[in-house]
$ cat start.cif   # mmCIF, C-alpha atoms and all ligand atoms
data_structure
loop_
_atom_site.label_atom_id
_atom_site.label_comp_id
_atom_site.auth_asym_id
_atom_site.auth_seq_id
_atom_site.Cartn_x
_atom_site.Cartn_y
_atom_site.Cartn_z
CA MET A 100 0.00 0.00 0.00
CA ILE A 101 1.03 3.61 -0.53
CA THR A 102 0.99 5.94 2.42
CA ARG A 103 2.21 9.46 3.12
CA GLN A 104 4.51 9.90 6.04
CA SER A 105 5.63 13.10 7.75
CA ILE A 106 9.23 12.94 8.85
CA ARG A 107 11.63 15.58 10.11
CA ASP A 108 15.04 16.11 8.55
CA ILE A 109 18.08 17.10 10.59
CA HIS A 110 17.05 20.77 10.51
CA GLY A 111 13.59 20.00 11.89
CA THR A 112 11.84 20.57 8.56
CA VAL A 113 8.84 18.31 8.04
CA ILE A 114 9.04 16.28 4.83
CA GLU A 115 6.10 14.40 3.32
CA LEU A 116 7.16 11.03 1.97
CA PRO A 117 5.07 8.91 -0.33
CA LEU A 118 6.05 5.37 0.63
CA SER A 119 5.16 1.91 -0.41
CA VAL A 120 5.12 -0.01 2.86
CA ASN A 121 3.96 -3.24 4.37
CA GLN A 122 1.30 -2.93 7.04
CA GLU A 123 3.76 -3.78 9.81
CA ASP A 124 6.29 -1.25 8.50
CA ILE A 125 4.07 1.83 8.75
CA ILE A 126 5.95 4.57 10.45
CA GLN A 127 4.06 6.09 13.33
CA PRO A 128 3.64 9.88 13.04
CA ASP A 129 5.60 11.99 15.51
CA THR A 130 7.97 9.20 16.36
CA GLY A 131 10.81 11.66 16.71
CA LEU A 132 12.79 9.96 14.01
CA THR A 133 15.40 11.86 12.01
CA LEU A 134 15.81 11.52 8.27
CA LEU A 135 19.21 11.04 6.67
CA PRO A 136 20.06 10.21 3.07
CA ALA A 137 20.52 6.43 2.84
CA LEU A 138 24.16 5.52 3.26
CA ILE A 139 26.62 4.72 0.49
CA ASP A 140 29.38 2.26 1.36
CA PRO A 141 32.27 2.80 -1.05
CA HIS A 142 34.22 -0.17 0.28
CA VAL A 143 32.84 -3.66 0.92
CA HIS A 144 34.02 -7.23 0.42
CA PHE A 145 30.81 -9.22 -0.07
CA ARG A 146 32.86 -12.31 -1.10
CA THR A 147 31.04 -13.48 -4.23
CA PRO A 148 32.43 -15.40 -6.05
CA GLY A 149 34.48 -18.05 -4.36
CA LEU A 150 34.49 -17.02 -0.72
CA GLU A 151 30.84 -17.52 0.05
CA HIS A 152 31.49 -19.47 3.21
CA LYS A 153 32.30 -16.03 4.68
CA GLU A 154 29.51 -13.93 3.14
CA ASN A 155 27.22 -13.72 0.11
CA TRP A 156 24.94 -11.05 -1.34
CA ARG A 157 21.82 -12.50 0.30
CA THR A 158 23.17 -12.09 3.82
CA ALA A 159 25.19 -9.00 2.99
CA ALA A 160 22.18 -7.19 1.45
CA LEU A 161 20.21 -7.80 4.64
CA ALA A 162 23.17 -6.56 6.67
CA ALA A 163 23.46 -3.46 4.47
CA ILE A 164 19.77 -2.56 4.84
CA ARG A 165 20.01 -3.13 8.56
CA GLY A 166 22.93 -0.73 8.64
CA GLY A 167 21.06 2.02 6.75
CA TYR A 168 22.93 1.43 3.47
CA THR A 169 21.27 1.17 0.05
CA THR A 170 24.38 1.49 -2.16
CA VAL A 171 27.66 -0.42 -1.97
CA PHE A 172 30.86 -0.64 -4.03
CA ASP A 173 32.35 -4.12 -3.92
CA MET A 174 36.03 -5.00 -4.07
CA PRO A 175 37.66 -7.35 -6.60
CA ASN A 176 39.69 -9.66 -4.29
CA THR A 177 37.39 -12.63 -4.75
CA ILE A 178 38.17 -16.08 -6.20
CA PRO A 179 38.65 -15.61 -9.08
CA PRO A 180 39.53 -11.91 -8.76
CA THR A 181 37.65 -9.38 -10.91
CA ILE A 182 40.39 -8.70 -13.45
CA THR A 183 38.77 -9.28 -16.88
CA LYS A 184 35.59 -8.13 -18.59
CA GLN A 185 34.27 -11.70 -18.59
CA LEU A 186 34.92 -12.14 -14.85
CA LEU A 187 33.21 -8.81 -14.21
CA HIS A 188 30.12 -9.95 -16.12
CA ASP A 189 30.11 -13.35 -14.38
CA LYS A 190 30.29 -11.67 -11.00
CA LYS A 191 27.42 -9.29 -11.80
CA ALA A 192 25.23 -12.20 -12.92
CA LEU A 193 25.85 -14.03 -9.63
CA ILE A 194 25.18 -10.91 -7.58
CA ASN A 195 21.95 -10.11 -9.44
CA ALA A 196 20.67 -13.64 -8.91
CA GLN A 197 21.42 -13.53 -5.19
CA LEU A 198 19.80 -10.11 -4.71
CA LYS A 199 16.73 -11.35 -6.54
CA GLU A 200 16.45 -14.30 -4.16
CA VAL A 201 16.11 -11.96 -1.17
CA ASN A 202 14.12 -9.39 -3.14
CA ILE A 203 16.42 -6.52 -2.18
CA PRO A 204 17.31 -4.33 -5.19
CA LEU A 205 20.44 -3.02 -3.49
CA HIS A 206 22.31 -0.50 -5.63
CA TYR A 207 25.84 -1.64 -6.27
CA GLN A 208 28.88 -0.98 -8.40
CA LEU A 209 32.07 -2.97 -8.74
CA PHE A 210 35.72 -2.07 -8.52
CA PHE A 211 37.94 -3.65 -11.15
CA GLY A 212 41.13 -5.29 -9.87
CA ALA A 213 44.45 -4.06 -11.24
CA ASP A 214 46.55 -7.04 -12.26
CA LYS A 215 49.78 -6.55 -14.19
CA ASN A 216 48.90 -9.22 -16.77
CA HIS A 217 45.44 -7.81 -17.49
CA LEU A 218 45.89 -4.04 -17.58
CA ASP A 219 44.73 -3.93 -21.20
CA GLU A 220 41.26 -4.93 -20.01
CA ILE A 221 40.80 -1.58 -18.29
CA ALA A 222 39.72 0.28 -21.43
CA ASN A 223 37.15 -2.46 -22.18
CA VAL A 224 35.36 -2.15 -18.84
CA LYS A 225 35.64 1.57 -18.19
CA ASP A 226 31.89 2.23 -18.51
CA GLU A 227 30.92 -0.70 -16.28
CA ILE A 228 33.02 -0.08 -13.17
CA VAL A 229 33.20 2.47 -10.38
CA GLY A 230 37.00 2.55 -10.44
CA ILE A 231 40.20 0.52 -10.39
CA LYS A 232 41.36 -1.06 -7.14
CA VAL A 233 45.10 -1.29 -6.62
CA PHE A 234 46.55 -3.36 -3.81
CA MET A 235 50.02 -1.79 -3.46
CA GLY A 236 50.69 -4.41 -0.79
CA CYS A 237 49.27 -7.91 -0.41
CA SER A 238 46.17 -8.38 1.69
CA THR A 239 43.39 -10.99 1.45
CA GLY A 240 43.85 -12.77 -1.91
CA ASN A 241 46.64 -12.59 -4.48
CA LEU A 242 45.98 -9.22 -6.09
CA VAL A 243 49.00 -6.94 -5.87
CA ILE A 244 50.82 -4.34 -7.96
CA ASP A 245 54.27 -4.34 -6.41
CA ASP A 246 56.40 -2.99 -9.25
CA ASP A 247 56.75 0.66 -10.19
CA GLU A 248 56.32 0.10 -13.92
CA SER A 249 52.90 -1.54 -13.57
CA LEU A 250 51.79 1.03 -11.02
CA ASP A 251 52.75 3.84 -13.39
CA LYS A 252 50.80 2.12 -16.16
CA VAL A 253 47.66 1.81 -14.01
CA PHE A 254 47.69 5.52 -13.17
CA ARG A 255 48.28 6.46 -16.82
CA LEU A 256 45.53 4.18 -18.14
CA ALA A 257 43.13 5.40 -15.46
CA ALA A 258 43.76 9.03 -16.40
CA GLU A 259 43.36 8.26 -20.11
CA ASN A 260 40.04 6.55 -19.43
CA ASP A 261 38.86 9.09 -16.85
CA LEU A 262 38.72 6.43 -14.15
CA LEU A 263 39.30 6.79 -10.44
CA VAL A 264 42.05 4.71 -8.79
CA ALA A 265 41.36 3.43 -5.28
CA VAL A 266 44.54 2.39 -3.49
CA HIS A 267 45.22 0.01 -0.66
CA ALA A 268 48.34 1.91 0.32
CA GLU A 269 50.85 -0.35 2.06
CA ASP A 270 54.34 -0.82 0.58
CA GLU A 271 54.92 -4.50 -0.21
CA GLU A 272 58.72 -4.41 -0.06
CA MET A 273 58.87 -2.63 3.29
CA MET A 274 56.28 -5.02 4.68
CA HIS A 275 58.36 -8.03 3.66
CA ALA A 276 61.46 -6.63 5.35
CA ARG A 277 59.55 -5.92 8.56
CA LYS A 278 57.99 -9.37 8.57
CA LYS A 279 61.50 -10.83 8.73
CA GLU A 280 62.53 -8.38 11.42
CA PHE A 281 59.61 -9.43 13.66
CA ALA A 282 59.69 -13.13 12.75
CA ASP A 283 60.08 -14.27 16.37
CA ARG A 284 56.91 -12.48 17.56
CA LYS A 285 53.74 -14.55 17.50
CA ASP A 286 51.32 -12.20 19.27
CA TYR A 287 48.53 -10.59 17.25
CA ALA A 288 49.69 -7.07 18.19
CA VAL A 289 52.83 -7.51 16.08
CA HIS A 290 50.55 -6.94 13.10
CA SER A 291 50.59 -3.21 13.84
CA GLU A 292 54.42 -3.27 14.01
CA ILE A 293 54.90 -5.10 10.72
CA ARG A 294 52.38 -2.97 8.83
CA SER A 295 53.69 0.23 10.39
CA ILE A 296 52.73 3.83 9.62
CA PRO A 297 55.87 4.40 7.47
CA VAL A 298 54.78 1.36 5.41
CA ALA A 299 51.48 3.11 4.67
CA CYS A 300 53.10 6.52 4.11
CA ALA A 301 55.63 5.17 1.59
CA ALA A 302 52.80 3.81 -0.56
CA ILE A 303 50.72 6.97 -0.24
CA GLN A 304 53.66 9.12 -1.33
CA LYS A 305 54.15 6.94 -4.40
CA ALA A 306 50.47 7.12 -5.32
CA ILE A 307 50.31 10.89 -4.86
CA ALA A 308 53.42 11.34 -7.03
CA LEU A 309 51.66 9.44 -9.83
CA THR A 310 48.53 11.54 -9.42
CA LYS A 311 50.74 14.58 -9.80
CA LYS A 312 52.24 13.08 -12.96
CA TYR A 313 48.99 12.06 -14.67
CA ARG A 314 46.27 13.97 -12.73
CA THR A 315 44.59 10.63 -12.01
CA ARG A 316 41.71 10.87 -9.54
CA LEU A 317 43.05 9.09 -6.45
CA TYR A 318 40.92 7.65 -3.66
CA ILE A 319 43.01 6.56 -0.68
CA LEU A 320 41.28 3.73 1.15
CA HIS A 321 41.22 3.18 4.91
CA VAL A 322 43.40 6.06 6.10
CA SER A 323 44.47 5.17 9.63
CA SER A 324 47.08 7.60 10.96
CA ARG A 325 48.09 11.21 11.57
CA GLU A 326 51.07 10.89 9.21
CA GLU A 327 48.93 9.68 6.29
CA ILE A 328 46.53 12.56 6.95
CA ALA A 329 49.40 15.06 6.70
CA LEU A 330 50.42 13.69 3.29
CA ILE A 331 46.84 13.82 2.03
CA ASP A 332 46.33 17.32 3.37
CA ALA A 333 49.43 18.54 1.52
CA ALA A 334 48.25 16.89 -1.73
CA LYS A 335 44.81 18.48 -1.40
CA GLN A 336 46.35 21.87 -0.66
CA ALA A 337 48.40 21.48 -3.83
CA GLY A 338 45.13 21.13 -5.74
CA LEU A 339 45.51 17.45 -6.63
CA PRO A 340 42.37 15.30 -7.10
CA VAL A 341 43.07 13.22 -3.98
CA TYR A 342 40.30 11.89 -1.72
CA ALA A 343 40.51 10.06 1.59
CA GLU A 344 38.43 7.38 3.25
CA THR A 345 38.65 6.16 6.83
CA THR A 346 36.96 3.17 8.43
CA PRO A 347 34.86 2.53 11.53
CA HIS A 348 37.54 0.23 12.97
CA HIS A 349 40.22 2.90 12.72
CA LEU A 350 37.86 5.36 14.43
CA PHE A 351 36.47 3.05 17.12
CA LEU A 352 39.12 0.37 17.77
CA ASP A 353 42.81 0.76 18.59
CA THR A 354 45.90 -1.31 19.43
CA THR A 355 44.58 -2.01 22.94
CA SER A 356 41.81 -4.05 21.25
CA TYR A 357 44.20 -6.95 20.49
CA GLU A 358 44.11 -7.98 24.15
CA VAL A 359 40.39 -8.68 24.11
CA LEU A 360 39.66 -9.39 20.44
CA LYS A 361 42.85 -11.28 19.56
CA GLY A 362 42.64 -12.43 15.90
CA LYS A 363 39.36 -10.54 15.47
CA ALA A 364 41.36 -7.30 15.70
CA VAL A 365 43.68 -8.23 12.83
CA VAL A 366 42.94 -6.03 9.83
CA ASN A 367 44.87 -4.35 7.00
CA PRO A 368 45.95 -1.62 7.45
CA PRO A 369 46.25 -2.46 11.14
CA LEU A 370 44.80 -0.76 14.18
CA ARG A 371 46.79 2.19 15.47
CA THR A 372 47.32 3.76 18.90
CA PRO A 373 44.55 6.01 20.31
CA GLU A 374 46.18 9.32 19.37
CA HIS A 375 45.57 8.47 15.73
CA GLN A 376 41.84 8.14 16.36
CA ALA A 377 41.80 11.72 17.61
CA ALA A 378 43.72 12.77 14.48
CA LEU A 379 41.12 11.04 12.29
CA PHE A 380 38.21 12.82 14.01
CA LYS A 381 40.07 16.12 13.57
CA ALA A 382 40.69 15.35 9.88
CA ILE A 383 36.96 14.71 9.43
CA ARG A 384 36.16 18.12 10.93
CA GLN A 385 38.77 19.73 8.65
CA GLY A 386 37.41 18.01 5.55
CA ILE A 387 40.68 16.14 4.90
CA ILE A 388 38.88 12.81 5.36
CA ASP A 389 36.05 12.71 2.82
CA THR A 390 34.29 9.41 3.38
CA ILE A 391 33.88 6.42 5.65
CA GLY A 392 33.96 2.96 4.09
CA SER A 393 32.94 0.09 6.33
CA ASP A 394 35.60 -2.10 4.66
CA HIS A 395 33.17 -4.89 5.57
CA ALA A 396 35.57 -7.85 5.31
CA PRO A 397 33.96 -10.87 6.94
CA HIS A 398 35.88 -14.03 7.83
CA THR A 399 34.50 -16.97 9.81
CA LEU A 400 35.11 -17.23 13.53
CA ALA A 401 37.10 -20.42 12.97
CA GLU A 402 39.38 -18.57 10.53
CA LYS A 403 39.86 -15.63 12.92
CA ASP A 404 40.56 -18.00 15.81
CA GLN A 405 43.81 -19.22 14.23
CA PRO A 406 47.26 -18.17 15.48
CA TYR A 407 48.93 -15.05 14.13
CA GLY A 408 50.15 -15.71 10.62
CA ALA A 409 47.29 -18.06 9.74
CA CYS A 410 44.48 -15.75 10.89
CA PRO A 411 43.17 -13.72 7.90
CA SER A 412 42.88 -9.91 8.06
CA GLY A 413 39.57 -8.10 8.06
CA VAL A 414 36.54 -7.27 10.17
CA PRO A 415 32.81 -7.08 9.33
CA GLY A 416 31.33 -3.61 9.73
CA ILE A 417 28.40 -2.64 7.53
CA GLU A 418 25.72 -3.20 10.19
CA THR A 419 27.47 -1.32 12.95
CA THR A 420 28.98 1.73 11.22
CA LEU A 421 25.93 4.00 11.46
CA PRO A 422 25.17 3.13 15.11
CA LEU A 423 28.84 3.82 15.96
CA LEU A 424 28.70 7.17 14.14
CA LEU A 425 25.40 8.13 15.81
CA ASP A 426 26.84 7.17 19.19
CA ALA A 427 29.86 9.40 18.44
CA HIS A 428 27.35 12.15 17.59
CA SER A 429 25.63 11.66 20.96
CA LYS A 430 29.02 12.19 22.60
CA GLY A 431 29.64 15.41 20.67
CA LEU A 432 32.38 13.92 18.47
CA LEU A 433 30.56 14.35 15.14
CA THR A 434 27.76 16.55 13.84
CA LEU A 435 24.92 15.06 11.81
CA GLU A 436 26.12 17.14 8.84
CA GLU A 437 29.53 15.48 9.15
CA ILE A 438 27.90 12.05 9.28
CA ILE A 439 25.92 12.81 6.10
CA SER A 440 29.03 14.12 4.40
CA LEU A 441 31.04 11.00 5.33
CA THR A 442 28.34 8.46 4.53
CA SER A 443 26.75 9.81 1.36
CA LYS A 444 27.37 13.39 0.24
CA ARG A 445 31.09 13.19 -0.51
CA ALA A 446 30.82 9.73 -2.06
CA ARG A 447 28.16 11.06 -4.44
CA GLU A 448 30.50 13.86 -5.49
CA ILE A 449 33.73 11.86 -5.70
CA PHE A 450 32.19 8.93 -7.58
CA ARG A 451 29.96 11.20 -9.70
CA MET A 452 26.73 9.49 -8.74
CA SER A 453 23.28 10.74 -9.56
CA ASP A 454 20.88 11.40 -6.71
CA ASN A 455 18.23 8.97 -5.52
CA ASN A 456 15.38 9.15 -3.01
CA ASP A 457 16.67 6.46 -0.66
CA ILE A 458 16.64 7.47 2.97
CA VAL A 459 17.27 6.09 6.41
CA LEU A 460 15.25 7.11 9.45
CA VAL A 461 17.26 7.05 12.62
CA ASP A 462 16.35 7.27 16.28
CA LEU A 463 19.06 9.40 17.86
CA ASN A 464 18.16 8.23 21.35
CA LYS A 465 17.44 4.57 20.94
CA ILE A 466 19.89 2.34 22.77
CA TYR A 467 21.44 -0.26 20.50
CA ARG A 468 23.33 -3.16 22.01
CA VAL A 469 25.66 -4.88 19.55
CA THR A 470 25.21 -8.64 19.84
CA ASP A 471 26.56 -11.30 17.53
CA ALA A 472 23.25 -13.18 17.62
CA ASN A 473 21.35 -10.24 16.07
CA LEU A 474 23.63 -9.71 13.10
CA LYS A 475 22.64 -10.50 9.53
CA THR A 476 26.17 -10.92 8.16
CA LYS A 477 26.94 -14.55 7.44
CA CYS A 478 30.11 -14.48 9.54
CA GLY A 479 27.97 -13.89 12.63
CA TRP A 480 30.32 -11.78 14.72
CA SER A 481 31.28 -8.17 15.28
CA PRO A 482 34.37 -6.66 16.91
CA TYR A 483 31.96 -4.28 18.67
CA ALA A 484 29.87 -7.02 20.31
CA GLY A 485 28.90 -5.98 23.82
CA ARG A 486 28.98 -2.24 23.09
CA VAL A 487 25.94 -0.24 24.10
CA LEU A 488 25.44 2.60 21.64
CA ARG A 489 23.06 5.56 21.58
CA GLY A 490 21.39 5.99 18.18
CA CYS A 491 20.58 3.56 15.40
CA PRO A 492 18.69 3.22 12.13
CA VAL A 493 15.02 2.21 12.42
CA TYR A 494 13.77 2.24 8.81
CA THR A 495 15.75 2.04 5.58
CA ILE A 496 13.89 3.10 2.45
CA LEU A 497 15.24 1.70 -0.80
CA GLY A 498 13.49 2.52 -4.08
CA GLY A 499 10.35 3.60 -2.19
CA GLN A 500 10.19 0.31 -0.30
CA CYS A 501 10.39 0.64 3.46
CA TYR A 502 12.38 -1.94 5.42
CA ASN A 503 11.75 -2.06 9.14
CA ILE A 504 15.05 -2.71 10.87
CA ALA A 505 13.84 -3.29 14.40
O1 LIG B 1 41.87 -6.44 6.42
C1 LIG B 1 41.59 -6.50 5.23
N1 LIG B 1 40.71 -7.41 4.77
N2 LIG B 1 42.15 -5.64 4.40
C2 LIG B 1 42.04 -5.79 3.07
O2 LIG B 1 42.67 -5.05 2.36
C3 LIG B 1 41.24 -6.86 2.49
C4 LIG B 1 40.23 -7.34 3.44
C5 LIG B 1 39.62 -8.65 3.03
O3 LIG B 1 39.22 -8.76 1.87
O4 LIG B 1 39.54 -9.56 3.85
ZN ZN B 2 39.07 -3.54 1.93
#
$ encode --input "start.cif" --output "structure tokens"
Amino acid sequence: MITRQSIRDIHGTVIELPLSVNQEDIIQPDTGLTLLPALIDPHVHFRTPGLEHKENWRTAALAAIRGGYTTVFDMPNTIPPTITKQLLHDKKALINAQLKEVNIPLHYQLFFGADKNHLDEIANVKDEIVGIKVFMGCSTGNLVIDDDESLDKVFRLAAENDLLVAVHAEDEEMMHARKKEFADRKDYAVHSEIRSIPVACAAIQKAIALTKKYRTRLYILHVSSREEIALIDAAKQAGLPVYAETTPHHLFLDTTSYEVLKGKAVVNPPLRTPEHQAALFKAIRQGIIDTIGSDHAPHTLAEKDQPYGACPSGVPGIETTLPLLLDAHSKGLLTLEEIISLTSKRAREIFRMSDNNDIVLVDLNKIYRVTDANLKTKCGWSPYAGRVLRGCPVYTILGGQCYNIA
């Protein structure tokens, strides 16, 4: 049925929404809910194809809706990786079938993986992708561009085809050397030593130099430290088309989390010390950080339970990002305008997306307890389990269809 609903936006203005809703989803008038644009997640790993024991688009779409998201950009480090036009088409067919099964027409776009043997494919797929993903250092999967010649070629081809390059900025060679240096350490916290801040900065400097050379639009994924922020700030001040993303785990977890979370805290780039969290919040206020990507990277509990070295990197995050941000708002750390800018406005601008009418209605005062049992993600755990947060999404509206989250 179609109904009209009166909702207030963040400035208190009443907006009339025509909505197609199920009887049980009807929003009560004067509920005190606040309207935000539905969230865009520019960075997810939904694991199709090949890694569907961790996640698939049926479970991930439910998790996205529950988190207030209606648009996601998926990463190419699947099995096989998304590195040819054919593989891109195969992946889209699988995703479309899975979304149809759960009847959730989630908006999505795909990143194309840069692989040195398939760079000629880039021109063939340029109109079908959101950008090129470059792993400058190895992470989950085998995708990596670890030689300067190939990296140069990616930035040149991207510029020629007016494509954005998204970089996982960690220097492979430096990482290798540090792995040897710390070979006798077996604790999970050594992860932050091996993948140190200079490792990230070296890669960022290289990427920015190539953007200077070719004017390639550069999106720096999961910025985690004060030093990276300084490099990005300087590039922006110099007028380069450089954009920065941070993640919920770099904002809301830190190196002290290893003690409690053990392998669940292992993620690339790694968690940093608390002073870097403060630097990230400051960079958001200053507009140096543009977006937040959940970097939703689910692994099973059994996989994360393994000793350091065998335990894969990555944490799930798409269901908990908005509650964490709203909780930060309740503590005075973020304004609602900043949340909108991080979760939709800047992504729309950077990725040149057209507008849609998707919205999320949030209750700024509702208490949300993160519990593994209530999650929709297939991996079934969250590094934030046990946290009690103030503020959460209540309804997500995708294509005029209202989904009740409660
Ligand atoms: O921790 C990570 N996990 N970082 C990445 O770059 C990849 C991701 C994954 O796919 O598991
Ligand atoms: Zn990622």
$ residues_near_ligand --input "start.cif" --ligand "ligand LIG 1 (chain B)" --cutoff "6 Å" --atoms "only C-alpha atoms and all ligand atoms" --output "list in words"
His144, Ser238, Thr239, Val366, Asn367, Ala396, Ser412 and Gly413 of chain A
$ residues_near_ligand --input "start.cif" --ligand "ligand ZN 2 (chain B)" --cutoff "10 Å" --atoms "all atoms listed in the file" --output "list in words"
Pro141, His142, Val143, His144, Asp173, Met174, Pro175, Asn176, Lys232, Phe234, Ser238, Thr239, Val266, His267, Leu320, His321, Thr346, Val366, Asn367, Pro368, Gly392, Ser393, Asp394, His395, Ala396, Ser412, Gly413 and Val414 of chain A
$ residues_around --input "start.cif" --residues "His375 (chain A)" --least-positions-apart "4" --cutoff "9 Å" --atoms "all atoms listed in the file" --output "PyMOL selection string"
chain A and resi 323-326+349-350+353+371+379-380
$ atom_distance --input "start.cif" --atom1 "CA of Tyr483 (chain A)" --atom2 "CA of Gly408 (chain A)"
22.9 Å
$ atom_distance --input "start.cif" --atom1 "CA of Val469 (chain A)" --atom2 "CA of Leu352 (chain A)"
14.6 Å
$ closest_residue --input "start.cif" --among "A:Ala257, A:Val365, A:Cys491, A:Leu432" --to "Glu292 (chain A)" --atoms "only C-alpha atoms"
A:Val365
$ atom_distance --input "start.cif" --atom1 "CA of Val253 (chain A)" --atom2 "CA of Gly386 (chain A)"
27.4 Å
$ residues_around --input "start.cif" --residues "Ser481 (chain A)" --least-positions-apart "6" --cutoff "12 Å" --atoms "only C-alpha atoms" --output "JSON, numbers by chain"
{"A": [162, 347, 348, 352, 360, 363, 364, 395, 396, 397, 398, 399, 400, 403, 413, 414, 415, 416, 417, 418, 419, 420, 468, 469, 470, 471, 472, 473, 474, 475]}
$ residues_around --input "start.cif" --residues "His428 (chain A)" --least-positions-apart "5" --cutoff "12 Å" --atoms "only C-alpha atoms" --output "MDAnalysis selection string"
chainID A and resid 380 421:423 433:439 463:464 488:491
$ residues_around --input "start.cif" --residues "Arg146 (chain A)" --least-positions-apart "5" --cutoff "7 Å" --atoms "all atoms listed in the file" --output "list of chain:residue names"
A:Glu151, A:Lys153, A:Glu154, A:Asn155, A:Thr177
$ residues_around --input "start.cif" --residues "Phe450 (chain A)" --least-positions-apart "2" --cutoff "9 Å" --atoms "all atoms listed in the file" --output "PyMOL selection string"
chain A and resi 141+229-230+263+445-448+452
$ closest_residue --input "start.cif" --among "A:Ile449, A:Leu262, A:Leu497, A:Leu250" --to "Thr390 (chain A)" --atoms "only C-alpha atoms"
A:Ile449
$ closest_residue --input "start.cif" --among "A:Leu187, A:Ile178, A:Ile391, A:Val487" --to "Lys444 (chain A)" --atoms "only C-alpha atoms"
A:Ile391
$ closest_residue --input "start.cif" --among "A:Val171, A:Ala137, A:Val264, A:Ala160" --to "Gly499 (chain A)" --atoms "all atoms listed in the file"
A:Ala137
$ closest_residue --input "start.cif" --among "A:Glu200, A:Asp245, A:Asp454, A:Asp261" --to "Val224 (chain A)" --atoms "all atoms listed in the file"
A:Asp261
$ closest_residue --input "start.cif" --among "A:Val461, A:Gln208, A:Asp286, A:Arg165" --to "Asn195 (chain A)" --atoms "only C-alpha atoms"
A:Gln208
